[in-house]
Each structure stands twice: as structure tokens, then as C-alpha cells.
$ cat upload_10.cif   # mmCIF, C-alpha atoms
data_target
loop_
_atom_site.label_atom_id
_atom_site.label_comp_id
_atom_site.auth_asym_id
_atom_site.auth_seq_id
_atom_site.Cartn_x
_atom_site.Cartn_y
_atom_site.Cartn_z
CA MET A 913 116.59 -49.22 78.65
CA ASN A 914 120.27 -48.31 78.71
CA ALA A 915 119.75 -46.11 75.66
CA LEU A 916 116.93 -44.24 77.43
CA ASN A 917 119.09 -43.87 80.51
CA ARG A 918 121.98 -42.39 78.53
CA TYR A 919 119.88 -40.09 76.34
CA PHE A 920 117.84 -38.56 79.14
CA LYS A 921 120.69 -38.76 81.71
CA ILE A 922 118.30 -40.45 84.11
CA SER A 923 120.86 -41.97 86.50
CA GLU A 924 122.96 -38.82 86.32
CA ARG A 925 120.04 -36.81 87.66
CA GLY A 926 119.36 -39.30 90.45
CA SER A 927 116.25 -40.90 89.01
CA ASP A 928 115.17 -44.14 87.33
CA ILE A 929 112.87 -45.08 84.46
CA SER A 930 109.95 -46.24 86.62
CA THR A 931 110.05 -43.01 88.64
CA GLU A 932 110.07 -40.90 85.47
CA ILE A 933 107.06 -42.73 84.04
CA ARG A 934 105.18 -42.52 87.32
CA ALA A 935 105.93 -38.80 87.50
CA GLY A 936 104.57 -38.40 83.98
CA PHE A 937 101.31 -40.08 84.96
CA THR A 938 101.02 -37.80 87.98
CA THR A 939 101.60 -34.63 85.96
CA PHE A 940 99.13 -35.72 83.30
CA LEU A 941 96.38 -36.49 85.79
CA THR A 942 96.72 -33.09 87.48
CA MET A 943 96.50 -31.20 84.17
CA SER A 944 94.16 -33.46 82.18
CA TYR A 945 91.29 -31.13 83.06
CA ILE A 946 92.44 -28.96 80.14
CA LEU A 947 91.07 -31.63 77.77
CA PHE A 948 87.50 -30.67 78.64
CA VAL A 949 87.90 -27.14 80.04
CA ASN A 950 89.63 -25.70 76.96
CA PRO A 951 86.88 -26.85 74.54
CA GLN A 952 84.26 -25.40 76.91
CA ILE A 953 85.92 -21.97 76.91
CA LEU A 954 86.84 -21.78 73.22
CA SER A 955 83.45 -23.07 72.11
CA LEU A 956 82.03 -19.82 73.51
CA ALA A 957 84.09 -18.08 70.82
CA GLY A 958 82.19 -20.09 68.21
CA MET A 959 84.78 -22.83 67.74
CA PRO A 960 83.58 -26.47 67.45
CA ALA A 961 84.17 -28.06 70.86
CA ASN A 962 85.06 -31.47 69.44
CA ASP A 963 87.70 -29.98 67.15
CA VAL A 964 89.15 -27.95 70.01
CA ALA A 965 89.36 -31.06 72.21
CA ILE A 966 91.40 -32.85 69.57
CA ALA A 967 93.55 -29.78 68.91
CA THR A 968 94.17 -29.42 72.65
CA ALA A 969 95.45 -32.98 73.01
CA LEU A 970 97.58 -32.82 69.86
CA ALA A 971 99.11 -29.42 70.67
CA ALA A 972 99.89 -30.53 74.23
CA ALA A 973 101.46 -33.75 72.97
CA ILE A 974 103.62 -31.98 70.37
CA ALA A 975 104.89 -29.28 72.71
CA THR A 976 105.50 -31.63 75.64
CA LEU A 977 107.30 -34.15 73.42
CA ILE A 978 109.65 -31.42 72.20
CA MET A 979 110.21 -30.31 75.80
CA GLY A 980 111.16 -33.85 76.75
CA VAL A 981 113.25 -34.91 73.75
CA PHE A 982 114.83 -31.57 72.81
CA ALA A 983 115.15 -29.77 76.16
CA ASN A 984 115.24 -32.82 78.48
CA PHE A 985 113.12 -31.20 81.18
CA PRO A 986 110.17 -32.84 83.02
CA PHE A 987 107.87 -29.93 82.17
CA ALA A 988 104.51 -30.42 80.48
CA LEU A 989 102.73 -27.98 78.20
CA ALA A 990 99.17 -27.42 76.97
CA PRO A 991 96.89 -24.54 75.95
CA GLY A 992 97.08 -22.11 78.85
CA MET A 993 94.25 -21.26 81.19
CA GLY A 994 93.76 -17.50 81.26
CA LEU A 995 95.15 -17.21 77.76
CA ASN A 996 92.18 -19.19 76.43
CA ALA A 997 89.81 -16.95 78.41
CA TYR A 998 91.49 -13.85 76.96
CA PHE A 999 91.17 -15.40 73.48
CA THR A 1000 87.42 -15.90 73.93
CA PHE A 1001 86.24 -13.03 76.12
CA GLY A 1002 88.89 -10.40 75.46
CA VAL A 1003 89.54 -10.84 71.74
CA VAL A 1004 86.61 -12.61 70.07
CA LYS A 1005 83.74 -11.32 72.23
CA GLY A 1006 85.38 -8.16 73.56
CA MET A 1007 86.94 -6.83 70.34
CA GLY A 1008 84.58 -8.52 67.88
CA VAL A 1009 87.41 -10.39 66.16
CA ASP A 1010 86.53 -13.64 64.37
CA TRP A 1011 88.16 -16.70 65.95
CA GLN A 1012 89.89 -17.48 62.66
CA VAL A 1013 91.61 -14.07 62.86
CA ALA A 1014 92.41 -14.55 66.55
CA LEU A 1015 94.21 -17.79 65.66
CA VAL A 1016 96.43 -15.72 63.36
CA ALA A 1017 97.44 -13.59 66.35
CA VAL A 1018 98.38 -16.77 68.23
CA PHE A 1019 100.33 -18.03 65.20
CA ILE A 1020 102.29 -14.77 64.84
CA GLU A 1021 102.95 -14.62 68.59
CA GLY A 1022 104.35 -18.15 68.41
CA LEU A 1023 106.72 -17.19 65.59
CA ILE A 1024 107.96 -14.11 67.47
CA PHE A 1025 108.35 -16.22 70.60
CA MET A 1026 110.40 -18.71 68.56
CA ALA A 1027 112.67 -15.97 67.21
CA LEU A 1028 113.30 -14.63 70.72
CA ALA A 1029 114.18 -18.13 71.92
CA MET A 1030 116.54 -18.79 68.99
CA THR A 1031 118.44 -15.54 69.51
CA GLY A 1032 118.73 -16.04 73.26
CA VAL A 1033 116.94 -12.77 74.02
CA ARG A 1034 114.39 -14.46 76.24
CA THR A 1035 117.02 -16.23 78.32
CA LYS A 1036 118.95 -12.98 78.81
CA LEU A 1037 115.75 -11.27 79.82
CA ILE A 1038 114.92 -13.92 82.41
CA ASN A 1039 118.47 -14.00 83.76
CA ALA A 1040 118.29 -10.24 84.32
CA ILE A 1041 115.41 -10.65 86.78
CA PRO A 1042 116.66 -10.13 90.37
CA HIS A 1043 117.22 -13.11 92.64
CA CYS A 1044 114.51 -11.93 95.05
CA ILE A 1045 111.88 -12.01 92.29
CA LYS A 1046 113.00 -15.49 91.23
CA ILE A 1047 112.68 -16.81 94.78
CA ALA A 1048 109.30 -15.10 95.13
CA THR A 1049 108.13 -16.68 91.88
CA MET A 1050 108.45 -20.19 93.26
CA THR A 1051 106.63 -19.22 96.46
CA GLY A 1052 103.94 -17.37 94.52
CA ILE A 1053 103.38 -20.35 92.25
CA GLY A 1054 102.96 -22.45 95.37
CA LEU A 1055 100.12 -20.18 96.51
CA PHE A 1056 98.72 -20.14 92.98
CA LEU A 1057 98.62 -23.95 92.96
CA ALA A 1058 96.98 -23.84 96.37
CA ILE A 1059 94.14 -21.54 95.34
CA ILE A 1060 93.51 -23.66 92.24
CA GLY A 1061 93.40 -26.69 94.51
CA PHE A 1062 91.14 -24.98 97.04
CA GLN A 1063 88.70 -24.14 94.27
CA GLY A 1064 88.79 -27.64 92.84
CA ALA A 1065 88.25 -29.15 96.29
CA GLY A 1066 85.37 -26.79 97.07
CA LEU A 1067 87.24 -25.40 100.07
CA THR A 1068 87.06 -21.93 98.54
CA VAL A 1069 83.95 -20.52 96.88
CA ASP A 1070 83.06 -17.08 95.61
CA HIS A 1071 81.30 -14.50 97.77
CA PRO A 1072 79.65 -11.24 96.62
CA ALA A 1073 81.03 -9.22 99.54
CA THR A 1074 84.44 -10.75 100.30
CA LEU A 1075 85.21 -12.26 96.87
CA VAL A 1076 86.05 -15.64 98.46
CA THR A 1077 84.89 -17.57 101.50
CA LEU A 1078 85.00 -21.03 103.03
CA GLY A 1079 83.11 -23.74 101.19
CA ASN A 1080 80.57 -26.15 102.60
CA LEU A 1081 82.47 -28.45 104.98
CA HIS A 1082 79.41 -30.73 105.19
CA ASP A 1083 79.67 -31.49 101.47
CA PRO A 1084 80.96 -35.08 101.04
CA LYS A 1085 83.11 -33.95 98.09
CA VAL A 1086 84.87 -31.36 100.23
CA LEU A 1087 85.36 -33.88 103.03
CA LEU A 1088 86.83 -36.43 100.63
CA ALA A 1089 89.23 -33.80 99.29
CA LEU A 1090 90.32 -32.97 102.84
CA VAL A 1091 90.99 -36.65 103.44
CA GLY A 1092 93.03 -36.64 100.24
CA ILE A 1093 95.22 -33.76 101.44
CA VAL A 1094 96.01 -35.57 104.68
CA LEU A 1095 96.55 -38.88 102.90
CA ILE A 1096 98.93 -37.52 100.27
CA ALA A 1097 100.89 -35.53 102.85
CA ALA A 1098 101.24 -38.59 105.08
CA LEU A 1099 102.38 -40.78 102.19
CA ILE A 1100 105.00 -38.21 101.20
CA VAL A 1101 106.27 -37.94 104.78
CA LYS A 1102 106.53 -41.75 104.90
CA GLU A 1103 108.47 -41.56 101.58
CA VAL A 1104 106.04 -43.87 99.79
CA LYS A 1105 106.88 -44.05 96.09
CA GLY A 1106 104.07 -42.73 93.94
CA ALA A 1107 102.45 -40.93 96.88
CA ILE A 1108 100.75 -38.25 94.80
CA LEU A 1109 99.66 -40.67 92.09
CA ILE A 1110 98.29 -43.10 94.70
CA GLY A 1111 96.32 -40.25 96.22
CA ILE A 1112 94.82 -39.14 92.91
CA VAL A 1113 93.85 -42.65 91.80
CA GLY A 1114 92.50 -43.57 95.24
CA LEU A 1115 90.33 -40.45 95.47
CA THR A 1116 89.07 -40.95 91.92
CA LEU A 1117 87.99 -44.53 92.65
CA ALA A 1118 86.38 -43.43 95.93
CA ALA A 1119 84.44 -40.68 94.14
CA TRP A 1120 83.24 -43.12 91.46
CA VAL A 1121 82.21 -45.83 93.94
CA THR A 1122 80.34 -43.43 96.24
CA GLY A 1123 78.66 -41.64 93.36
CA LEU A 1124 80.24 -38.29 94.23
CA SER A 1125 81.52 -38.14 90.67
CA PRO A 1126 80.12 -40.00 87.67
CA ALA A 1127 82.19 -42.97 86.53
CA PRO A 1128 82.96 -43.12 82.82
CA GLU A 1129 80.16 -44.74 80.80
CA SER A 1130 82.73 -45.99 78.32
CA ILE A 1131 86.50 -46.29 78.22
CA VAL A 1132 87.39 -45.95 74.56
CA ALA A 1133 86.27 -43.32 72.06
CA TRP A 1134 87.56 -43.30 68.48
CA PRO A 1135 88.97 -39.83 67.67
CA SER A 1136 88.80 -37.89 64.43
CA LEU A 1137 91.00 -35.12 63.13
CA PRO A 1138 89.83 -31.49 63.50
CA LYS A 1139 87.52 -30.64 60.63
CA GLU A 1140 86.70 -26.95 60.94
CA THR A 1141 89.62 -25.56 62.97
CA PHE A 1142 92.57 -27.21 61.20
CA MET A 1143 94.44 -24.57 59.16
CA ALA A 1144 91.46 -22.25 59.54
CA LEU A 1145 93.57 -19.11 60.04
CA ASP A 1146 92.29 -15.94 58.34
CA PHE A 1147 95.22 -13.68 57.38
CA SER A 1148 93.03 -10.96 55.84
CA GLN A 1149 93.41 -8.72 58.93
CA ILE A 1150 97.13 -9.26 59.45
CA PHE A 1151 97.99 -5.54 59.21
CA ASN A 1152 95.03 -4.41 61.30
CA ALA A 1153 96.03 -2.36 64.37
CA THR A 1154 93.67 -4.37 66.57
CA LEU A 1155 95.37 -7.61 65.57
CA ILE A 1156 98.78 -6.15 66.39
CA THR A 1157 97.51 -5.21 69.86
CA VAL A 1158 96.26 -8.76 70.38
CA VAL A 1159 99.61 -10.21 69.29
CA ILE A 1160 101.45 -8.00 71.81
CA ALA A 1161 99.04 -9.01 74.58
CA PHE A 1162 99.45 -12.72 73.86
CA LEU A 1163 103.25 -12.33 73.66
CA PHE A 1164 103.66 -10.48 76.96
CA VAL A 1165 101.45 -12.83 78.93
CA ASP A 1166 103.03 -15.92 77.36
CA ILE A 1167 106.58 -14.71 78.03
CA PHE A 1168 106.07 -14.06 81.72
CA ASP A 1169 103.69 -16.94 82.33
CA THR A 1170 106.21 -19.39 80.87
CA ALA A 1171 109.23 -17.70 82.45
CA GLY A 1172 107.60 -17.70 85.87
CA THR A 1173 106.65 -21.36 85.61
CA LEU A 1174 110.11 -22.38 84.42
CA MET A 1175 111.79 -20.48 87.25
CA GLY A 1176 109.40 -21.84 89.86
CA VAL A 1177 109.28 -25.51 88.91
CA GLY A 1178 112.92 -25.39 87.75
CA ARG A 1179 113.95 -24.32 91.21
CA LEU A 1180 111.76 -27.01 92.76
CA GLY A 1181 113.50 -29.66 90.63
CA GLY A 1182 116.98 -28.33 91.36
CA PHE A 1183 117.63 -27.29 87.76
CA LEU A 1184 118.70 -23.71 88.47
CA ASN A 1185 122.40 -22.91 88.85
CA LYS A 1186 123.97 -20.84 91.64
CA LYS A 1187 123.03 -17.62 89.82
CA GLY A 1188 119.38 -18.67 89.71
CA GLU A 1189 119.58 -19.31 85.96
CA LEU A 1190 118.07 -22.26 84.10
CA PRO A 1191 120.69 -23.89 81.85
CA GLY A 1192 119.06 -24.92 78.59
CA ALA A 1193 116.24 -22.39 78.98
CA ASP A 1194 116.38 -21.52 75.27
CA ARG A 1195 115.39 -25.08 74.40
CA ALA A 1196 112.53 -25.00 76.89
CA PHE A 1197 111.30 -21.72 75.40
CA MET A 1198 111.57 -23.20 71.91
CA ALA A 1199 109.30 -26.09 72.92
CA ASP A 1200 106.77 -23.56 74.21
CA ALA A 1201 106.94 -21.46 71.05
CA THR A 1202 106.66 -24.47 68.74
CA GLY A 1203 103.65 -25.71 70.68
CA THR A 1204 101.93 -22.34 70.35
CA THR A 1205 102.57 -22.20 66.59
CA ALA A 1206 101.42 -25.79 66.03
CA GLY A 1207 98.42 -25.27 68.29
CA SER A 1208 97.22 -22.28 66.27
CA LEU A 1209 97.35 -24.36 63.09
CA LEU A 1210 95.38 -27.16 64.76
CA GLY A 1211 92.83 -24.78 66.25
CA THR A 1212 93.57 -23.80 69.85
CA SER A 1213 94.83 -20.83 71.85
CA THR A 1214 98.36 -20.21 73.16
CA VAL A 1215 100.29 -23.19 74.52
CA THR A 1216 102.34 -22.64 77.68
CA THR A 1217 104.28 -24.55 80.33
CA TYR A 1218 102.03 -25.82 83.12
CA ILE A 1219 102.60 -25.21 86.82
CA GLU A 1220 101.06 -28.64 87.40
CA SER A 1221 104.44 -29.98 86.24
CA ALA A 1222 105.44 -29.42 89.87
CA THR A 1223 103.41 -32.47 90.91
CA GLY A 1224 105.48 -34.72 88.66
CA ILE A 1225 108.71 -33.17 89.90
CA GLU A 1226 107.65 -33.81 93.49
CA GLU A 1227 106.92 -37.38 92.43
CA GLY A 1228 110.60 -37.67 91.43
CA GLY A 1229 110.57 -36.69 87.74
CA ARG A 1230 113.90 -35.13 86.78
CA THR A 1231 114.31 -35.72 83.04
CA GLY A 1232 112.59 -35.37 79.71
CA LEU A 1233 111.28 -38.92 79.98
CA THR A 1234 108.63 -37.57 82.37
CA ALA A 1235 107.55 -35.10 79.67
CA VAL A 1236 107.61 -37.80 76.99
CA THR A 1237 105.30 -39.89 79.19
CA VAL A 1238 102.90 -36.95 79.51
CA ALA A 1239 102.99 -36.44 75.73
CA ALA A 1240 102.19 -40.12 75.16
CA LEU A 1241 99.27 -39.90 77.58
CA PHE A 1242 97.86 -36.87 75.75
CA LEU A 1243 97.94 -38.91 72.54
CA LEU A 1244 96.32 -41.87 74.33
CA ALA A 1245 93.72 -39.48 75.68
CA LEU A 1246 92.46 -39.08 72.12
CA PHE A 1247 91.31 -42.71 72.39
CA PHE A 1248 90.49 -42.80 76.12
CA THR A 1249 88.91 -39.39 76.55
CA PRO A 1250 85.93 -40.72 78.56
CA LEU A 1251 88.30 -42.24 81.14
CA PHE A 1252 90.70 -39.35 81.60
CA THR A 1253 88.02 -36.67 81.62
CA SER A 1254 86.17 -38.56 84.37
CA VAL A 1255 88.93 -37.87 86.90
CA PRO A 1256 87.17 -35.38 89.21
CA ALA A 1257 88.66 -32.11 90.46
CA LEU A 1258 88.35 -33.32 94.06
CA ALA A 1259 90.94 -36.00 93.23
CA THR A 1260 93.58 -33.72 91.72
CA ALA A 1261 92.98 -30.70 93.98
CA PRO A 1262 94.64 -32.23 97.08
CA ALA A 1263 97.79 -32.93 95.07
CA LEU A 1264 98.00 -29.29 93.99
CA ILE A 1265 97.51 -28.08 97.57
CA VAL A 1266 100.22 -30.35 99.00
CA VAL A 1267 102.70 -29.43 96.25
CA GLY A 1268 101.86 -25.76 96.84
CA ALA A 1269 102.76 -26.23 100.50
CA MET A 1270 106.09 -27.80 99.53
CA MET A 1271 106.94 -24.89 97.24
CA MET A 1272 106.59 -22.44 100.13
CA SER A 1273 110.04 -23.52 101.38
CA ALA A 1274 111.64 -20.97 99.04
CA ALA A 1275 110.33 -18.11 101.21
CA ARG A 1276 112.89 -18.85 103.93
CA GLU A 1277 115.71 -17.88 101.54
CA MET A 1278 114.51 -14.28 101.42
CA ASP A 1279 116.01 -11.59 103.63
CA TRP A 1280 112.68 -10.00 104.53
CA SER A 1281 114.38 -7.28 106.56
CA LYS A 1282 115.76 -5.83 103.31
CA LEU A 1283 112.54 -4.15 102.20
CA GLU A 1284 113.84 -2.97 98.82
CA ASP A 1285 113.84 -6.68 97.93
CA GLY A 1286 111.16 -7.84 100.35
CA VAL A 1287 108.33 -5.63 99.09
CA PRO A 1288 108.76 -6.52 95.38
CA ALA A 1289 109.05 -10.18 96.39
CA PHE A 1290 105.90 -9.94 98.49
CA LEU A 1291 103.96 -8.28 95.67
CA THR A 1292 105.13 -11.01 93.30
CA ILE A 1293 103.98 -13.72 95.70
CA VAL A 1294 100.55 -12.39 96.62
CA ALA A 1295 99.65 -11.07 93.16
CA MET A 1296 99.82 -14.52 91.59
CA PRO A 1297 96.92 -16.04 93.53
CA PHE A 1298 95.07 -12.72 93.99
CA THR A 1299 95.07 -11.88 90.25
CA TYR A 1300 95.08 -15.52 89.15
CA SER A 1301 98.11 -14.90 86.97
CA ILE A 1302 101.82 -15.69 87.18
CA ALA A 1303 102.49 -12.98 84.62
CA HIS A 1304 100.77 -10.28 86.70
CA GLY A 1305 102.75 -11.29 89.76
CA ILE A 1306 106.08 -10.94 87.96
CA THR A 1307 104.94 -7.67 86.42
CA LEU A 1308 104.18 -6.08 89.80
CA GLY A 1309 107.42 -7.43 91.22
CA VAL A 1310 109.59 -6.10 88.39
CA ILE A 1311 108.04 -2.63 88.27
CA SER A 1312 108.05 -2.15 92.05
CA TYR A 1313 111.65 -3.39 92.27
CA VAL A 1314 112.89 -0.80 89.76
CA LEU A 1315 110.89 2.07 91.31
CA ILE A 1316 111.97 1.30 94.87
CA TYR A 1317 115.63 0.94 93.92
CA ILE A 1318 115.46 4.31 92.13
CA LEU A 1319 113.87 6.03 95.13
CA VAL A 1320 116.39 4.65 97.65
CA GLY A 1321 119.35 5.68 95.49
CA LYS A 1322 120.37 2.23 94.26
CA SER A 1323 119.63 2.71 90.59
CA ARG A 1324 123.16 1.61 89.64
CA GLU A 1325 122.39 -1.87 90.98
CA ILE A 1326 119.53 -2.33 88.52
CA HIS A 1327 120.39 -4.57 85.56
CA PRO A 1328 120.16 -2.63 82.24
CA LEU A 1329 117.60 -5.07 80.89
CA MET A 1330 115.44 -4.49 83.96
CA TRP A 1331 115.09 -0.82 82.98
CA ILE A 1332 113.88 -1.85 79.54
CA LEU A 1333 111.64 -4.57 80.91
CA ALA A 1334 109.99 -2.32 83.50
CA ALA A 1335 109.42 0.44 80.95
CA ALA A 1336 107.93 -2.03 78.48
CA LEU A 1337 105.59 -3.45 81.13
CA VAL A 1338 104.43 0.02 82.18
CA ALA A 1339 103.82 0.98 78.54
CA TYR A 1340 102.05 -2.31 77.84
CA HIS A 1341 99.62 -2.11 80.72
CA GLY A 1342 99.11 1.62 80.23
CA PHE A 1343 98.42 1.08 76.54
CA LEU A 1344 95.77 -1.54 77.24
#

$ encode --input "upload_10.cif" --output "C-alpha cells"
Amino acid sequence: MNALNRYFKISERGSDISTEIRAGFTTFLTMSYILFVNPQILSLAGMPANDVAIATALAAAIATLIMGVFANFPFALAPGMGLNAYFTFGVVKGMGVDWQVALVAVFIEGLIFMALAMTGVRTKLINAIPHCIKIATMTGIGLFLAIIGFQGAGLTVDHPATLVTLGNLHDPKVLLALVGIVLIAALIVKEVKGAILIGIVGLTLAAWVTGLSPAPESIVAWPSLPKETFMALDFSQIFNATLITVVIAFLFVDIFDTAGTLMGVGRLGGFLNKKGELPGADRAFMADATGTTAGSLLGTSTVTTYIESATGIEEGGRTGLTAVTVAALFLLALFFTPLFTSVPALATAPALIVVGAMMMSAAREMDWSKLEDGVPAFLTIVAMPFTYSIAHGITLGVISYVLIYILVGKSREIHPLMWILAAALVAYHGFL
């Protein structure tokens, strides 16, 4: 135990081993949906769902383990939502690219990502982002978590005229989720240890007992290694212009999705320094890049850092031991898939909503009267939930920041890298 304490600097960061493990359980439960959602999405690209499920768990375990042991951050990683949809609907179905070729694009993107992390380019790029955008990122991620939670709880449903509307408040599932929000919030206010985890487990058991969600028919399922997706990459189209376009798309989204998550949850956990920088960011980026590369070889889309890590941080996780716990649970999930995949969305959704509310505290640090900062910050915040993308939020924030500062005669205050970044983002989105 003393060795763990020293290696992960647990006491130094104001935590303890039991808290770190509990935080790991909490993070895992809020993101375990990826174990069944990712196979569903990628199977539409023609990939065997069973192979993808195994690849998902293994890629998540590898990347998260590296994040914990190498970077010593309580951040968890897995194949990213949005990126998997782009893989299936944008690349395979939209461009007519075989999934074996698309995996090559993911593999190459991971290698480029790794090179950028090793040279420190990514960290310099992130550090160049203005303080107002960094503050807005945390707030925006809070809203992003909230809309994910609202969907999972059934509080928000789609509407043909208004896009979204209020769900059915007479639905027992929605009512149970509402009870969960109040319960978790109350437990946190009362400073009950494991408040979020207690809420998730309690709601899961309630849903199983009442029949609102099916209980697992079995607990253990013996896994097998991927058969068709392992090392199935097809390099025959490596110099094809279409493939290059796909690589660029994956790279841009991955960079800003990961950067936004690291800034947001890093700020929540108190890891950012006075300049708003994340010490050790290169190591965190390396974990992400390695996970993406390994994931492509196993047979899954781009791996990225998960905003659900915020739930574990709110539970008290402050070190890499939280991430190591998540990694171990992903490996265990290979044997207990029926149990973990039976945790209903109504049980994890309240946790995401409450954590989203807690992340809104960053908004008070903004000087909203200074509109040259306030407008880019606002666009960053609202674009994340409205476009369902952290990357799009940062993109709008960065571009608007540069344009506004130019128009008000403050171009000299713009960091040199921001000029390059804004131009690259404009060219990227214009090109697509």
C-alpha cells in the first residue's frame, strides 16, 4: 500500500487508496455504455459486433492503464462517441471506404498524434489557447454532460419542429431518474463518501427490481479474442487522396476533443497551474495516441479521453490509481459483460447531470462585460451541447476570438499559434 501511495502520490494529492478505487468504479459505470454502443455503431459499417466489443474493452483498458501509470491522471479513455459515428456513416457509408481501410486512417492518425505529443507541439498548441476559452471549455463540457444525461434519463427527447422537447414525465423511468438526481445531489451536499457511486448502484438495483430495466440473465461470459478485426488493416489505399482527407478529419477532431476534455476535467480536478496549463499534458496525450493506435490494430475507431472522467474526479479521484481501476474494470468486463452492460442509462444519467451542474462554477470566473472574450467563450459553451461536440465548441471559440480581436484592433494580443490554429480550422472546415 505504501508503494502505491508513493508511486501515485496519493497522499500528496489529498486522497487515499479507497477513494481512488471508488472513483474508478464510478467513472467506469458512467462510461461502460461504450461496451455495447460502440459495437452497435461499428457493426453498421460491416464489422463483427462481437469482435468490436472485445476490441473496445481492450483498447480502453490499454489506453486508460497508460494514462494512470505513465501520466498519473484519473482520466479514462475509450473509443470516442462521435468519432465512431463518423467512422461508420461519414467514412464507410458516406465515402464508400471499406472498414479495413478506415482502420488504416485511424492507425495513421494515432501515429501522427503520437509524434505531436512526443515533440510537445500539442501541449504548446493547447497552452496558446486563451484563458477565456479554457474557462468556457469546462462550462461547456458541463452542459454537454447535462444534455447526455437528459437524453439518457428521458428528460429530453427529439421533436420534428423544435429539435428537442420535454420527455414524458409520467414515464416511471424518467421519474426514477429524477429521484436519482435529487438523491445524488443530496448525498453530495451531505458529503457522503461514494455519493455518485451509491446513486448509480441504487438506481440500477431499483430499475432491476421494478422491471424498468432487464436484470442480467447471467453474470459471467467467457470472452474470446477478436477473430476478424484483429490486424485487419488494409494498406492498399494508403496514398489515396480520400484516405488522407479521412486521416486529417480524425486528427483534428481527436486533437480538440481530447484537449477540451483534458482542460475541462483537469480544471475540475485542480490539475491546471496558474496559467491554465496542464503539467504533464504530453504524457496524457501520449496515452490517448497509444490507445488510438492499439485500438486500430484490435479493430475499433479512435480512442479518446472521456468527459465521464469528471464523475470519478467529483467522487474524489486525484491520481492515476483511479485510471488503473477503470482499466482493470474494462478487462474484467470481458468476463462480466452481461452484468456491466445491464446498468441502465437511467442510473448513470443523473450522475452526469449533477456533475454537469458542478462544472458550471467555472462560468463565474469570466468577465462577461469584456465582450471580446465573452462572445468567444459563450460560443464555446453553447456549441458543445448544441452541436454535440467538444471539438466544434472549441473551433467556434478559437475562430471567433481571433476575428473579434482583429476587428477591435487587438491583433497584437493574439498568440502566434492562435493565428495558425484559426487559419487551419477555417481551412479544414472549408475544405470539408

$ closest_residue --input "upload_10.cif" --among "A:Phe999, A:Trp1011, A:Phe982, A:Tyr1300" --to "Leu1055 of chain A" --atoms "all atoms listed in the file"
A:Tyr1300

$ closest_residue --input "upload_10.cif" --among "A:Val964, A:Leu1081, A:Ala1274, A:Ile1302" --to "Phe1056 of chain A" --atoms "only C-alpha atoms"
A:Ile1302

$ resolve_selection --input "upload_10.cif" --expression "the PyMOL selection byres ((chain A and resi 1327) around 10)" --output "PyMOL selection string"
chain A and resi 1037+1039-1042+1314+1323-1326+1328-1333

$ resolve_selection --input "upload_10.cif" --expression "the PyMOL selection byres ((chain A and resi 1160) around 10)" --output "number ranges by chain"
A: 1017-1018, 1020-1021, 1024, 1155-1159, 1161-1166, 1340

$ atom_distance --input "upload_10.cif" --atom1 "atom CA of Phe1001 of chain A" --atom2 "atom CA of Ser1213 of chain A"
12.4 Å

$ resolve_selection --input "upload_10.cif" --expression "the PyMOL selection byres ((chain A and resi 916) around 12)" --output "ChimeraX atom specification"
/A:913-915,917-923,928-930,932-933,980-981,984,1231-1234,1236

$ residues_around --input "upload_10.cif" --residues "segment 994-998 of chain A" --least-positions-apart "4" --cutoff "10 Å" --atoms "only C-alpha atoms" --output "PyMOL selection string"
chain A and resi 949-951+953-954+956-957+1002-1006+1158+1161-1162+1165-1166+1169+1212-1216+1300-1301

$ write_last_selection --input "upload_10.cif" --atoms "C-alpha atoms" --output "CSV table (one decimal), in the coordinates of the input"
chain,number,residue,atom,x,y,z
A,949,VAL,CA,87.9,-27.1,80.0
A,950,ASN,CA,89.6,-25.7,77.0
A,951,PRO,CA,86.9,-26.8,74.5
A,953,ILE,CA,85.9,-22.0,76.9
A,954,LEU,CA,86.8,-21.8,73.2
A,956,LEU,CA,82.0,-19.8,73.5
A,957,ALA,CA,84.1,-18.1,70.8
A,1002,GLY,CA,88.9,-10.4,75.5
A,1003,VAL,CA,89.5,-10.8,71.7
A,1004,VAL,CA,86.6,-12.6,70.1
A,1005,LYS,CA,83.7,-11.3,72.2
A,1006,GLY,CA,85.4,-8.2,73.6
A,1158,VAL,CA,96.3,-8.8,70.4
A,1161,ALA,CA,99.0,-9.0,74.6
A,1162,PHE,CA,99.4,-12.7,73.9
A,1165,VAL,CA,101.4,-12.8,78.9
A,1166,ASP,CA,103.0,-15.9,77.4
A,1169,ASP,CA,103.7,-16.9,82.3
A,1212,THR,CA,93.6,-23.8,69.8
A,1213,SER,CA,94.8,-20.8,71.8
A,1214,THR,CA,98.4,-20.2,73.2
A,1215,VAL,CA,100.3,-23.2,74.5
A,1216,THR,CA,102.3,-22.6,77.7
A,1300,TYR,CA,95.1,-15.5,89.2
A,1301,SER,CA,98.1,-14.9,87.0

$ atom_distance --input "upload_10.cif" --atom1 "atom CA of Ser1208 of chain A" --atom2 "atom CA of Leu1145 of chain A"
7.9 Å

$ closest_residue --input "upload_10.cif" --among "A:Ile1108, A:Leu1291, A:Ala1257, A:Ala965" --to "Gly1066 of chain A" --atoms "all atoms listed in the file"
A:Ala1257

$ decode --input "upload_10.cif" --residues "segment 1167-1178 of chain A" --atoms "N, CA and C atoms" --output "CSV table (one decimal), in the first residue's frame"
chain,number,residue,atom,x,y,z
A,1167,ILE,N,-7.8,15.8,-31.7
A,1167,ILE,CA,-6.9,16.8,-31.0
A,1167,ILE,C,-7.8,17.7,-30.1
A,1168,PHE,N,-8.9,18.2,-30.7
A,1168,PHE,CA,-9.6,19.2,-29.9
A,1168,PHE,C,-10.6,18.5,-29.0
A,1169,ASP,N,-11.1,17.3,-29.3
A,1169,ASP,CA,-11.9,16.6,-28.4
A,1169,ASP,C,-11.1,16.2,-27.1
A,1170,THR,N,-9.9,15.7,-27.3
A,1170,THR,CA,-9.1,15.4,-26.2
A,1170,THR,C,-8.6,16.6,-25.4
A,1171,ALA,N,-8.2,17.6,-26.1
A,1171,ALA,CA,-7.7,18.8,-25.5
A,1171,ALA,C,-8.8,19.5,-24.6
A,1172,GLY,N,-10.0,19.5,-25.2
A,1172,GLY,CA,-11.1,20.1,-24.5
A,1172,GLY,C,-11.4,19.3,-23.2
A,1173,THR,N,-11.4,18.0,-23.3
A,1173,THR,CA,-11.7,17.2,-22.1
A,1173,THR,C,-10.7,17.3,-21.1
A,1174,LEU,N,-9.4,17.3,-21.5
A,1174,LEU,CA,-8.3,17.5,-20.5
A,1174,LEU,C,-8.3,18.8,-19.8
A,1175,MET,N,-8.6,19.9,-20.6
A,1175,MET,CA,-8.7,21.2,-19.9
A,1175,MET,C,-9.9,21.3,-19.0
A,1176,GLY,N,-11.0,20.7,-19.4
A,1176,GLY,CA,-12.2,20.8,-18.6
A,1176,GLY,C,-12.2,20.0,-17.3
A,1177,VAL,N,-11.9,18.7,-17.5
A,1177,VAL,CA,-11.8,17.8,-16.3
A,1177,VAL,C,-10.5,18.1,-15.5
A,1178,GLY,N,-9.5,18.5,-16.2
A,1178,GLY,CA,-8.2,18.9,-15.4
A,1178,GLY,C,-8.5,20.1,-14.5
